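structure-v1.tsv follows (TSV, C-alpha atoms):
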```
chain	number	residue	atom	x	y	z
A	1	MET	CA	-85.81	18.07	56.52
A	2	LYS	CA	-82.93	16.02	57.96
A	3	ASN	CA	-82.25	14.40	54.59
A	4	ARG	CA	-82.16	17.80	52.88
A	5	LEU	CA	-79.58	19.06	55.38
A	6	LEU	CA	-77.41	16.00	54.81
A	7	LEU	CA	-77.57	16.48	51.05
A	8	CYS	CA	-76.58	20.14	51.37
A	9	LEU	CA	-73.67	19.24	53.65
A	10	ALA	CA	-72.45	16.59	51.18
A	11	ALA	CA	-72.61	19.08	48.35
A	12	LEU	CA	-70.60	21.59	50.38
A	13	LEU	CA	-67.91	19.02	51.15
A	14	VAL	CA	-67.63	18.05	47.48
A	15	GLY	CA	-67.29	21.68	46.49
A	16	CYS	CA	-64.42	22.12	48.97
A	17	SER	CA	-62.54	18.93	47.98
A	18	THR	CA	-59.13	19.14	46.35
A	19	PRO	CA	-59.43	19.21	42.56
A	20	LYS	CA	-58.06	16.18	40.70
A	21	GLU	CA	-54.60	16.61	39.17
A	22	GLU	CA	-54.41	16.44	35.40
A	23	PRO	CA	-52.29	13.46	34.20
A	24	LYS	CA	-48.78	14.49	33.33
A	25	PRO	CA	-47.82	14.11	29.67
A	26	VAL	CA	-45.69	11.07	28.99
A	27	ALA	CA	-42.18	12.00	27.87
A	28	THR	CA	-41.45	10.64	24.41
A	29	LEU	CA	-38.31	10.38	22.31
A	30	VAL	CA	-40.07	10.97	18.98
A	31	PRO	CA	-42.23	14.00	18.10
A	32	ALA	CA	-46.01	13.77	18.05
A	33	GLY	CA	-47.23	12.41	14.73
A	34	TRP	CA	-43.82	10.98	13.86
A	35	ASP	CA	-43.88	8.79	10.75
A	36	ALA	CA	-41.27	6.05	11.22
A	37	LYS	CA	-41.61	4.78	7.65
A	38	ALA	CA	-41.18	8.27	6.17
A	39	ALA	CA	-38.10	8.71	8.34
A	40	GLY	CA	-36.73	5.40	7.07
A	41	ASP	CA	-37.47	6.34	3.46
A	42	LYS	CA	-35.55	9.60	3.90
A	43	VAL	CA	-32.52	7.76	5.26
A	44	MET	CA	-32.52	5.22	2.42
A	45	ALA	CA	-32.78	7.99	-0.19
A	46	GLY	CA	-29.40	9.27	1.00
A	47	LEU	CA	-27.50	5.97	0.94
A	48	PHE	CA	-24.62	5.40	-1.50
A	49	LYS	CA	-22.62	2.32	-2.48
A	50	VAL	CA	-19.24	1.67	-0.85
A	51	THR	CA	-18.29	-1.63	-2.49
A	52	GLY	CA	-16.31	-1.79	-5.73
A	53	PRO	CA	-17.88	-2.05	-9.20
A	54	GLU	CA	-16.48	-5.59	-9.63
A	55	VAL	CA	-18.32	-6.88	-6.54
A	56	LYS	CA	-21.33	-9.12	-7.18
A	57	GLY	CA	-21.96	-10.37	-3.63
A	58	ALA	CA	-21.46	-8.49	-0.34
A	59	HIS	CA	-22.59	-8.75	3.26
A	60	ASP	CA	-22.04	-8.01	6.96
A	61	ALA	CA	-20.27	-4.64	6.95
A	62	HIS	CA	-18.79	-2.97	10.03
A	63	PHE	CA	-17.09	0.42	10.35
A	64	THR	CA	-15.41	3.01	12.50
A	65	ILE	CA	-14.99	6.76	12.10
A	66	VAL	CA	-11.77	8.75	12.49
A	67	GLY	CA	-11.84	12.45	11.75
A	68	ASP	CA	-13.84	13.14	8.62
A	69	ARG	CA	-13.58	9.61	7.25
A	70	ALA	CA	-15.38	6.31	7.79
A	71	TYR	CA	-13.50	3.04	7.35
A	72	VAL	CA	-15.87	0.27	6.30
A	73	VAL	CA	-14.95	-3.44	6.26
A	74	ALA	CA	-17.13	-6.00	4.50
A	75	GLU	CA	-17.07	-9.52	3.07
A	76	VAL	CA	-17.42	-9.55	-0.73
A	77	ASN	CA	-16.97	-11.70	-3.81
A	78	ASP	CA	-16.67	-11.00	-7.53
A	79	ARG	CA	-18.47	-14.12	-8.83
A	80	GLN	CA	-22.09	-14.17	-7.72
A	81	PRO	CA	-24.62	-12.56	-5.39
A	82	GLY	CA	-24.80	-13.77	-1.80
A	83	GLU	CA	-22.15	-15.18	0.52
A	84	ALA	CA	-21.29	-18.46	2.22
A	85	ALA	CA	-18.53	-19.74	4.47
A	86	GLN	CA	-18.07	-22.63	2.01
A	87	TRP	CA	-17.06	-20.25	-0.81
A	88	PRO	CA	-13.26	-19.76	-0.77
A	89	PHE	CA	-13.63	-16.85	-3.20
A	90	VAL	CA	-15.24	-14.66	-0.50
A	91	TYR	CA	-12.69	-12.06	0.64
A	92	VAL	CA	-12.70	-8.97	2.87
A	93	THR	CA	-12.20	-5.33	1.92
A	94	LEU	CA	-11.73	-1.91	3.49
A	95	SER	CA	-13.60	1.04	1.99
A	96	ILE	CA	-12.63	4.64	2.84
A	97	VAL	CA	-15.50	7.12	2.86
A	98	ASP	CA	-15.36	10.94	2.90
A	99	LEU	CA	-18.05	12.01	5.38
A	100	ARG	CA	-17.94	15.70	4.47
A	101	ASN	CA	-18.94	15.08	0.87
A	102	GLU	CA	-20.51	11.65	1.51
A	103	ARG	CA	-18.61	9.83	-1.22
A	104	LEU	CA	-16.43	6.75	-1.61
A	105	LEU	CA	-12.70	7.49	-1.81
A	106	ASP	CA	-11.08	4.07	-2.13
A	107	VAL	CA	-11.55	0.31	-1.71
A	108	MET	CA	-8.66	-1.92	-0.62
A	109	THR	CA	-8.34	-5.68	-0.14
A	110	LEU	CA	-7.86	-6.65	3.49
A	111	ALA	CA	-7.38	-10.41	3.04
A	112	ARG	CA	-8.29	-13.26	0.70
A	113	SER	CA	-7.89	-17.03	0.48
A	114	GLU	CA	-4.27	-18.24	0.14
A	115	GLN	CA	-2.89	-14.70	0.39
A	116	ALA	CA	0.81	-14.66	1.37
A	117	PHE	CA	1.74	-12.21	4.12
A	118	ALA	CA	5.21	-11.51	5.49
A	119	ASN	CA	4.78	-13.97	8.34
A	120	GLU	CA	2.05	-16.40	7.29
A	121	THR	CA	0.10	-17.56	4.24
A	122	LEU	CA	-3.63	-17.99	4.68
A	123	PRO	CA	-4.99	-21.47	3.90
A	124	VAL	CA	-7.72	-22.11	1.36
A	125	GLY	CA	-11.03	-20.78	2.67
A	126	ALA	CA	-13.39	-17.86	2.88
A	127	CYS	CA	-12.33	-14.68	4.67
A	128	PHE	CA	-15.46	-13.85	6.58
A	129	VAL	CA	-17.26	-11.44	8.98
A	130	PRO	CA	-14.75	-8.59	9.34
A	131	ARG	CA	-14.72	-6.11	12.24
A	132	ILE	CA	-12.74	-2.90	12.77
A	133	ARG	CA	-11.69	-0.69	15.69
A	134	GLN	CA	-9.23	2.13	16.27
A	135	VAL	CA	-6.53	0.85	18.64
A	136	GLY	CA	-4.02	3.71	18.48
A	137	PRO	CA	-3.72	7.33	17.30
A	138	LYS	CA	-2.73	6.18	13.81
A	139	THR	CA	-3.82	2.54	13.84
A	140	LEU	CA	-6.99	0.71	12.86
A	141	ARG	CA	-7.23	-3.00	13.65
A	142	CYS	CA	-9.20	-5.15	11.21
A	143	TRP	CA	-10.36	-8.63	12.24
A	144	PHE	CA	-11.64	-11.43	10.03
A	145	ALA	CA	-12.24	-15.18	10.22
A	146	SER	CA	-10.51	-17.59	7.84
A	147	GLU	CA	-12.55	-20.76	7.50
A	148	GLN	CA	-13.25	-23.89	5.49
A	149	PRO	CA	-16.14	-25.70	7.24
A	150	GLY	CA	-15.64	-29.44	7.61
A	151	LYS	CA	-11.95	-29.23	6.72
A	152	ARG	CA	-10.21	-27.38	9.59
A	153	GLN	CA	-10.66	-25.14	12.60
A	154	SER	CA	-11.49	-21.58	11.59
A	155	GLN	CA	-9.10	-18.92	12.89
A	156	THR	CA	-9.71	-15.25	13.57
A	157	TYR	CA	-6.84	-13.00	12.44
A	158	TYR	CA	-6.21	-9.30	12.59
A	159	ARG	CA	-4.30	-6.95	10.31
A	160	ASP	CA	-3.45	-3.35	11.17
A	161	PHE	CA	-4.02	-0.32	8.93
A	162	ASP	CA	-1.84	2.79	9.22
A	163	LEU	CA	-3.89	6.00	9.05
A	164	GLY	CA	-0.83	8.11	8.22
A	165	THR	CA	0.23	6.20	5.12
A	166	LEU	CA	-3.17	4.62	4.36
A	167	THR	CA	-1.50	1.23	4.00
A	168	PHE	CA	-1.92	-2.19	5.62
A	169	GLU	CA	0.74	-3.86	7.72
A	170	ARG	CA	2.50	-6.62	5.79
A	171	GLU	CA	1.85	-9.19	8.54
A	172	ILE	CA	-1.29	-10.79	9.96
A	173	HIS	CA	-1.70	-11.96	13.52
A	174	ARG	CA	-3.75	-14.66	15.23
A	175	MET	CA	-6.35	-13.31	17.62
A	176	LYS	CA	-6.37	-15.04	21.01
A	177	LEU	CA	-9.11	-16.16	23.41
A	178	ARG	CA	-8.71	-16.34	27.19
A	179	THR	CA	-10.86	-19.04	28.79
A	180	SER	CA	-10.92	-20.61	32.23
A	181	ASP	CA	-8.20	-23.01	30.97
A	182	GLY	CA	-5.76	-20.43	29.61
A	183	VAL	CA	-5.04	-18.44	26.43
A	184	PHE	CA	-5.57	-20.06	23.03
A	185	ASP	CA	-5.96	-19.18	19.36
A	186	LEU	CA	-9.43	-17.80	18.72
A	187	GLN	CA	-10.90	-21.02	17.31
A	188	PRO	CA	-14.31	-22.71	17.80
A	189	ARG	CA	-12.97	-25.66	19.79
A	190	HIS	CA	-11.68	-23.49	22.64
A	191	LEU	CA	-14.92	-21.51	22.98
A	192	HIS	CA	-16.85	-24.78	22.98
A	193	ALA	CA	-14.62	-26.43	25.59
A	194	ASP	CA	-15.13	-23.53	27.99
A	195	ALA	CA	-18.92	-23.59	27.55
A	196	ALA	CA	-19.04	-27.39	27.88
A	197	LYS	CA	-17.50	-27.08	31.35
A	198	GLN	CA	-20.62	-25.09	32.27
A	199	GLY	CA	-23.04	-27.63	30.81
A	200	PHE	CA	-23.30	-26.58	27.16
A	201	ALA	CA	-24.44	-29.77	25.42
A	202	ARG	CA	-24.38	-29.03	21.71
A	203	LYS	CA	-21.75	-30.75	19.59
A	204	PRO	CA	-18.56	-28.87	18.71
A	205	VAL	CA	-18.13	-27.48	15.19
A	206	ASP	CA	-15.01	-26.37	13.35
A	207	ALA	CA	-16.20	-23.09	11.83
A	208	GLY	CA	-18.63	-20.22	12.30
A	209	LEU	CA	-16.91	-18.31	15.14
A	210	TYR	CA	-17.01	-14.52	14.69
A	211	LEU	CA	-16.63	-11.23	16.49
A	212	PHE	CA	-20.21	-10.21	16.02
A	213	ASP	CA	-21.54	-7.17	17.85
A	214	ASN	CA	-20.28	-3.58	17.92
A	215	PHE	CA	-17.51	-2.89	20.42
A	216	LYS	CA	-18.95	-1.09	23.47
A	217	GLU	CA	-17.14	0.55	26.37
A	218	PHE	CA	-18.16	0.37	30.04
A	219	ASP	CA	-16.05	1.45	33.02
A	220	GLY	CA	-12.98	1.85	30.85
A	221	ARG	CA	-13.16	-1.61	29.24
A	222	ALA	CA	-14.23	-2.60	25.73
A	223	TYR	CA	-16.71	-5.45	25.35
A	224	ILE	CA	-18.05	-7.39	22.38
A	225	ALA	CA	-20.36	-10.37	21.93
A	226	ILE	CA	-18.89	-13.27	19.96
A	227	ASN	CA	-20.92	-15.93	18.20
A	228	ASN	CA	-20.39	-19.39	16.80
A	229	TYR	CA	-23.19	-19.36	14.26
A	230	LEU	CA	-22.89	-23.02	13.23
A	231	GLY	CA	-22.70	-24.19	16.85
A	232	ALA	CA	-25.46	-21.90	18.21
A	233	GLN	CA	-23.07	-20.61	20.85
A	234	GLN	CA	-22.35	-17.10	22.09
A	235	ALA	CA	-20.50	-15.27	24.83
A	236	LEU	CA	-19.84	-11.79	26.18
A	237	CYS	CA	-16.11	-10.99	26.01
A	238	ALA	CA	-13.84	-8.19	27.17
A	239	LEU	CA	-11.05	-6.94	24.91
A	240	ASN	CA	-7.64	-6.57	26.56
A	241	ASP	CA	-5.61	-3.33	26.41
A	242	ALA	CA	-3.38	-4.69	23.64
A	243	ALA	CA	-6.51	-5.53	21.59
A	244	ASP	CA	-5.06	-8.94	20.74
A	245	THR	CA	-7.01	-11.16	23.17
A	246	LEU	CA	-10.67	-11.60	24.06
A	247	GLU	CA	-11.49	-12.81	27.57
A	248	ILE	CA	-14.74	-14.68	28.12
A	249	VAL	CA	-16.88	-12.89	30.70
A	250	GLY	CA	-19.93	-15.14	30.46
A	251	HIS	CA	-21.68	-17.58	28.15
A	252	PHE	CA	-25.35	-17.08	27.20
A	253	ASN	CA	-26.69	-19.85	25.02
A	254	GLY	CA	-30.32	-20.02	26.06
A	255	PRO	CA	-32.00	-23.38	26.64
A	256	GLY	CA	-31.32	-26.42	24.47
A	257	ALA	CA	-33.90	-25.10	22.05
A	258	PRO	CA	-34.39	-22.67	20.48
A	259	ALA	CA	-30.91	-22.28	19.06
A	260	LEU	CA	-29.67	-18.72	19.60
A	261	THR	CA	-27.12	-16.91	17.42
A	262	GLU	CA	-25.88	-13.47	16.31
A	263	PRO	CA	-26.35	-11.49	19.55
A	264	ALA	CA	-26.24	-7.77	20.25
A	265	VAL	CA	-25.54	-6.82	23.87
A	266	ASN	CA	-25.78	-3.68	25.95
A	267	ARG	CA	-25.78	-2.59	29.58
A	268	LEU	CA	-28.87	-0.93	31.01
A	269	PRO	CA	-28.98	2.10	33.35
A	270	ASP	CA	-29.22	-0.11	36.46
A	271	GLY	CA	-25.99	-1.90	35.49
A	272	THR	CA	-27.62	-5.12	34.31
A	273	TRP	CA	-26.94	-6.60	30.87
A	274	LEU	CA	-29.43	-7.41	28.12
A	275	ALA	CA	-28.75	-9.41	24.95
A	276	ILE	CA	-31.05	-9.71	21.95
A	277	CYS	CA	-30.39	-12.87	19.93
A	278	ARG	CA	-31.36	-14.21	16.55
A	279	ARG	CA	-33.49	-17.32	16.96
A	280	GLU	CA	-33.12	-20.29	14.64
A	281	ASN	CA	-36.06	-22.48	15.74
A	282	GLY	CA	-39.82	-22.01	15.84
A	283	ASP	CA	-41.18	-18.75	14.48
A	284	HIS	CA	-37.75	-17.01	14.61
A	285	ASN	CA	-38.94	-14.16	16.83
A	286	TYR	CA	-36.02	-12.67	18.76
A	287	TRP	CA	-34.96	-14.05	22.13
A	288	PHE	CA	-33.59	-12.01	25.04
A	289	CYS	CA	-31.11	-13.12	27.74
A	290	GLU	CA	-30.36	-11.07	30.87
A	291	SER	CA	-27.55	-10.87	33.41
A	292	ARG	CA	-26.81	-8.92	36.58
A	293	ASP	CA	-23.03	-9.08	36.16
A	294	GLY	CA	-22.33	-10.25	32.57
A	295	ARG	CA	-21.14	-13.63	33.88
A	296	THR	CA	-24.28	-15.54	34.76
A	297	TRP	CA	-27.15	-15.25	32.29
A	298	THR	CA	-30.80	-16.26	32.19
A	299	THR	CA	-31.93	-18.74	29.56
A	300	GLY	CA	-34.16	-15.91	28.41
A	301	GLY	CA	-37.33	-15.58	26.38
A	302	GLU	CA	-39.30	-13.21	24.18
A	303	LYS	CA	-40.14	-9.57	24.99
A	304	ALA	CA	-43.50	-7.99	24.26
A	305	TYR	CA	-41.96	-5.02	22.46
A	306	VAL	CA	-40.46	-7.20	19.69
A	307	LYS	CA	-43.01	-9.17	17.68
A	308	LEU	CA	-42.93	-10.90	14.29
A	309	GLY	CA	-39.14	-11.00	14.30
A	310	ALA	CA	-37.21	-12.79	11.54
A	311	ALA	CA	-34.02	-14.88	11.49
A	312	SER	CA	-31.51	-12.08	11.02
A	313	LYS	CA	-28.93	-9.96	12.82
A	314	PRO	CA	-30.25	-7.49	15.45
A	315	THR	CA	-28.50	-4.34	16.71
A	316	PHE	CA	-28.47	-2.85	20.22
A	317	ASP	CA	-26.60	0.44	20.68
A	318	ARG	CA	-26.71	3.54	22.86
A	319	PHE	CA	-26.18	6.93	21.27
A	320	ASN	CA	-26.33	10.28	23.07
A	321	GLY	CA	-28.00	8.69	26.09
A	322	VAL	CA	-30.67	6.85	24.06
A	323	TYR	CA	-30.84	3.10	23.34
A	324	TYR	CA	-31.37	2.06	19.72
A	325	LEU	CA	-32.75	-1.47	19.22
A	326	GLY	CA	-32.75	-2.67	15.61
A	327	TRP	CA	-34.47	-5.85	14.45
A	328	GLN	CA	-35.65	-7.56	11.28
A	329	GLU	CA	-39.39	-8.03	10.89
A	330	ARG	CA	-40.67	-11.09	9.02
A	331	THR	CA	-43.11	-8.97	6.97
A	332	GLN	CA	-41.97	-8.91	3.34
A	333	ILE	CA	-42.16	-6.19	0.71
A	334	ASP	CA	-42.86	-7.69	-2.72
A	335	ARG	CA	-41.86	-11.08	-1.24
A	336	ALA	CA	-38.26	-9.87	-0.87
A	337	ASN	CA	-36.01	-11.40	1.76
A	338	ARG	CA	-35.35	-9.27	4.88
A	339	SER	CA	-37.19	-6.28	3.48
A	340	VAL	CA	-38.45	-4.70	6.73
A	341	PHE	CA	-36.17	-3.50	9.53
A	342	ASN	CA	-37.32	-1.57	12.61
A	343	VAL	CA	-35.33	0.70	14.90
A	344	ASP	CA	-36.91	1.42	18.29
A	345	VAL	CA	-35.59	3.89	20.89
A	346	SER	CA	-35.71	3.98	24.69
A	347	LYS	CA	-34.17	5.79	27.65
A	348	ASP	CA	-34.40	2.85	30.05
A	349	GLY	CA	-34.33	-0.25	27.84
A	350	ILE	CA	-37.86	-1.11	28.99
A	351	SER	CA	-40.31	1.24	27.23
A	352	TRP	CA	-39.73	1.53	23.49
A	353	GLU	CA	-40.96	3.80	20.68
A	354	ARG	CA	-40.63	3.25	16.93
A	355	LYS	CA	-38.27	5.77	15.34
A	356	TYR	CA	-37.43	4.18	11.99
A	357	ARG	CA	-39.09	1.59	9.82
A	358	PHE	CA	-37.14	0.62	6.71
A	359	GLU	CA	-39.32	-0.99	4.05
A	360	THR	CA	-37.81	-1.85	0.68
A	361	ALA	CA	-37.75	-4.70	-1.82
A	362	LYS	CA	-33.99	-4.09	-2.07
A	363	SER	CA	-33.82	-5.43	1.52
A	364	PHE	CA	-32.40	-3.71	4.58
A	365	GLN	CA	-30.32	-6.28	6.45
A	366	TYR	CA	-27.33	-6.59	8.78
A	367	PRO	CA	-26.94	-2.86	9.44
A	368	THR	CA	-24.25	-1.38	11.66
A	369	PHE	CA	-24.79	1.98	13.36
A	370	VAL	CA	-21.97	4.22	14.65
A	371	GLU	CA	-22.19	7.59	16.43
A	372	ASP	CA	-19.58	10.30	15.91
A	373	LYS	CA	-19.71	13.94	17.02
A	374	GLY	CA	-23.44	13.65	17.69
A	375	ALA	CA	-24.29	12.21	14.25
A	376	VAL	CA	-25.24	8.57	13.67
A	377	TRP	CA	-24.08	6.81	10.49
A	378	LEU	CA	-24.90	3.39	9.08
A	379	ALA	CA	-23.72	0.68	6.71
A	380	VAL	CA	-26.18	-1.93	5.44
A	381	THR	CA	-26.49	-4.85	3.01
A	382	GLN	CA	-28.85	-4.41	0.04
A	383	GLY	CA	-29.52	-5.95	-3.38
A	384	ASP	CA	-31.80	-5.74	-6.39
A	385	SER	CA	-32.76	-9.16	-7.72
A	386	ASP	CA	-30.98	-12.13	-6.16
A	387	PRO	CA	-33.17	-13.89	-3.57
A	388	SER	CA	-30.51	-13.25	-0.92
A	389	ARG	CA	-30.43	-9.50	-1.69
A	390	LYS	CA	-26.74	-9.61	-0.68
A	391	GLU	CA	-25.22	-7.68	-3.56
A	392	ARG	CA	-23.64	-4.49	-2.21
A	393	ILE	CA	-22.92	-2.44	0.91
A	394	MET	CA	-24.63	0.93	1.23
A	395	PHE	CA	-23.56	3.76	3.55
A	396	GLY	CA	-25.15	6.96	4.80
A	397	ARG	CA	-26.36	9.12	7.65
A	398	LEU	CA	-29.11	7.95	10.01
A	399	GLU	CA	-29.47	11.25	11.86
```
Using structure tokens, write down the structure from this file.
Amino acid sequence: MKNRLLLCLAALLVGCSTPKEEPKPVATLVPAGWDAKAAGDKVMAGLFKVTGPEVKGAHDAHFTIVGDRAYVVAEVNDRQPGEAAQWPFVYVTLSIVDLRNERLLDVMTLARSEQAFANETLPVGACFVPRIRQVGPKTLRCWFASEQPGKRQSQTYYRDFDLGTLTFEREIHRMKLRTSDGVFDLQPRHLHADAAKQGFARKPVDAGLYLFDNFKEFDGRAYIAINNYLGAQQALCALNDAADTLEIVGHFNGPGAPALTEPAVNRLPDGTWLAICRRENGDHNYWFCESRDGRTWTTGGEKAYVKLGAASKPTFDRFNGVYYLGWQERTQIDRANRSVFNVDVSKDGISWERKYRFETAKSFQYPTFVEDKGAVWLAVTQGDSDPSRKERIMFGRLE
């Protein structure tokens, strides 16, 4: 009898207990059933070429948008597919794109080997890795590196473009670098000397130093990651108000191995910094370095949300409050080089979802993404048959 009473009491208590709450749905940035590959296919179907018909090799485009036009800089050559810093016939161009009708309007030469300007004649050597930014109401500034590896120090120059007349300034100017020792020409030796004071042990090189990432603004200042590809050296820099000098904020070179190059950097919601870096040793999966203040960085390591990465340029942007992390996957389509590229999105930089997967034997490599008026546009390197797949620059709308 006593046991029956206890059982009845237990049943009554269970019946009166608070019902369990249903788990709240997890907020996502992509719709249910989203097909990242189909989304990538749709984007690629809308791309169009923005390099000239004479161009046989092209790579590493960057662009900015002003009004209804995009201004795309790229390294190109008219002799053969691909690109190399040892090829003095590589030059840099500016393409003007009509965004309303999504068509190419014009292509202009920015700089080439031995070109004579009003104030200086470029030496023999490739003009390489251009970057562009609006620096005034009517002025675009175009940067490029002039280099001849093994022969001289490379030098980063800039040349201004007038939006009113659609013409280039007749002069070029040497970009400067502010280190702990002073202000110098933007050359590899000065970046190396500053890092060596902090224990960087790799040997100095005379070429391979580029403005690499997109420019990004935080607290009223513009930042960009620079990279010495040949020296496996990189740093976060701030651009001064005159846009003629980069100031080193902090070096992040990882451990002695693996060698890290070609970074993309962003600041997370808690104010910390995160850099994704191309990795030259081992399996090439991407390496991440972190910093609380942009000055002192961790040696870094891999992240679980990026797997099977390849040796190629990553991207790390924030558009409309959402982070976009782009990275090359080592999977190959029809054995083509750099033929799979993923774009993942996140609100916090910690939890990521796949939004785009670009799969094509034409390759999808070294993209740049830029947001304007709520729309995101892209420029990317593609090709048809050369093993490098570096044959033209394509442009279009991401979303």
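By chain and then residue number, the residues within 7 Å of Leu236 of chain A are A:Ile224, A:Ala225, A:Ile226, A:Ile248, A:Val249, A:Gly250, A:His251, counting all atoms listed in the file and disregarding those fewer than 5 positions away in sequence.
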Saved selection, atoms kept: C-alpha atoms, as a short mmCIF file (atom, residue, chain, number, x, y, z; two decimals), in the frame of the given file:
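Just written: part_7.cif:
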```
data_model
loop_
_atom_site.label_atom_id
_atom_site.label_comp_id
_atom_site.auth_asym_id
_atom_site.auth_seq_id
_atom_site.Cartn_x
_atom_site.Cartn_y
_atom_site.Cartn_z
CA ILE A 224 -18.05 -7.39 22.38
CA ALA A 225 -20.36 -10.37 21.93
CA ILE A 226 -18.89 -13.27 19.96
CA ILE A 248 -14.74 -14.68 28.12
CA VAL A 249 -16.88 -12.89 30.70
CA GLY A 250 -19.93 -15.14 30.46
CA HIS A 251 -21.68 -17.58 28.15
#
```
Quiz item: Looking at all atoms listed in the file, which of A:Pro81, A:Asp181, A:Arg69, A:Ala238 is the one that sits closest to Lys56 of chain A?
Solution: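 Looking at the shortest contact to Lys56 of chain A, the residue is A:Pro81.
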Practice problem: State, in Å with one decimal place, the distance from atom CA of Asn281 of chain A to atom CA of Tyr305 of chain A. | Solution: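 Atom-to-atom, atom CA of Asn281 of chain A and atom CA of Tyr305 of chain A are spaced 19.6 Å apart.
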Quiz prompt | Closest of A:Trp352, A:Phe252, A:Phe319, A:Trp327 to Ser291 of chain A - atom-to-atom distances counting only C-alpha atoms | solution =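 That would be A:Phe252, the residue with the smallest distance to Ser291 of chain A.
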Self-check item: Selected residue, from A:Thr299, A:Gly349, A:Lys390, A:Ile172, that lies nearest to Glu75 of chain A when counting only C-alpha atoms
Solution: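 Of A:Thr299, A:Gly349, A:Lys390, A:Ile172, the one nearest Glu75 of chain A, counting only C-alpha atoms, is A:Lys390.
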Quiz item: So, counting only C-alpha atoms, which residue among A:Val345, A:Leu308, A:Val129, A:Val43 is closest to Gln332 of chain A?
Solution: A:Leu308
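In terms of minimum interatomic distance to Gly256 of chain A, A:Phe200 ranks closest within A:Thr296, A:Tyr223, A:Phe200, A:Asn228, counting only C-alpha atoms.
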Quiz item: Taking into account only C-alpha atoms, which residue in the set A:Thr93, A:Asp386, A:Met44, A:Leu268 is nearest to Phe364 of chain A?
Solution: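 Answer, going by the shortest atom-to-atom distance: A:Met44.
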Quiz prompt | Contacts of Ala310 of chain A within 10 Å, all atoms listed in the file, excl. fewer than 4 positions in-chain, as a PyMOL selection string | solution = chain A and resi 278-280+283-286+314+327-331+337-338+340-341
Quiz prompt | Nearby residues (only C-alpha atoms) at most 10 Å from Asn320 of chain A, same-chain spacing under 2 positions excluded, as a ChimeraX atom specification | solution = /A:318,322-323,371-376
Could you rebuild segment 38-49 of chain A with N, CA and C atoms and give it back as a JSON list (two decimals), keeping the file's coordinate frame?
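After the write, selection_39.json holds the following:
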```
[["chain", "number", "residue", "atom", "x", "y", "z"],
["A", 38, "ALA", "N", -41.67, 7.12, 6.92],
["A", 38, "ALA", "CA", -41.18, 8.27, 6.17],
["A", 38, "ALA", "C", -39.75, 8.60, 6.58],
["A", 39, "ALA", "N", -39.46, 8.47, 7.87],
["A", 39, "ALA", "CA", -38.10, 8.71, 8.34],
["A", 39, "ALA", "C", -37.14, 7.70, 7.75],
["A", 40, "GLY", "N", -37.56, 6.43, 7.68],
["A", 40, "GLY", "CA", -36.73, 5.40, 7.07],
["A", 40, "GLY", "C", -36.52, 5.64, 5.58],
["A", 41, "ASP", "N", -37.57, 6.05, 4.89],
["A", 41, "ASP", "CA", -37.47, 6.34, 3.46],
["A", 41, "ASP", "C", -36.46, 7.46, 3.20],
["A", 42, "LYS", "N", -36.47, 8.47, 4.06],
["A", 42, "LYS", "CA", -35.55, 9.60, 3.90],
["A", 42, "LYS", "C", -34.11, 9.15, 4.07],
["A", 43, "VAL", "N", -33.87, 8.28, 5.05],
["A", 43, "VAL", "CA", -32.52, 7.76, 5.26],
["A", 43, "VAL", "C", -32.05, 6.96, 4.03],
["A", 44, "MET", "N", -32.91, 6.07, 3.55],
["A", 44, "MET", "CA", -32.52, 5.22, 2.42],
["A", 44, "MET", "C", -32.26, 6.02, 1.15],
["A", 45, "ALA", "N", -32.97, 7.15, 1.00],
["A", 45, "ALA", "CA", -32.78, 7.99, -0.19],
["A", 45, "ALA", "C", -31.37, 8.59, -0.22],
["A", 46, "GLY", "N", -30.73, 8.68, 0.94],
["A", 46, "GLY", "CA", -29.40, 9.27, 1.00],
["A", 46, "GLY", "C", -28.26, 8.27, 1.00],
["A", 47, "LEU", "N", -28.55, 6.98, 0.90],
["A", 47, "LEU", "CA", -27.50, 5.97, 0.94],
["A", 47, "LEU", "C", -26.72, 5.91, -0.38],
["A", 48, "PHE", "N", -25.43, 5.57, -0.30],
["A", 48, "PHE", "CA", -24.62, 5.40, -1.50],
["A", 48, "PHE", "C", -23.73, 4.16, -1.35],
["A", 49, "LYS", "N", -23.34, 3.59, -2.48],
["A", 49, "LYS", "CA", -22.62, 2.32, -2.48],
["A", 49, "LYS", "C", -21.15, 2.52, -2.10]]
```
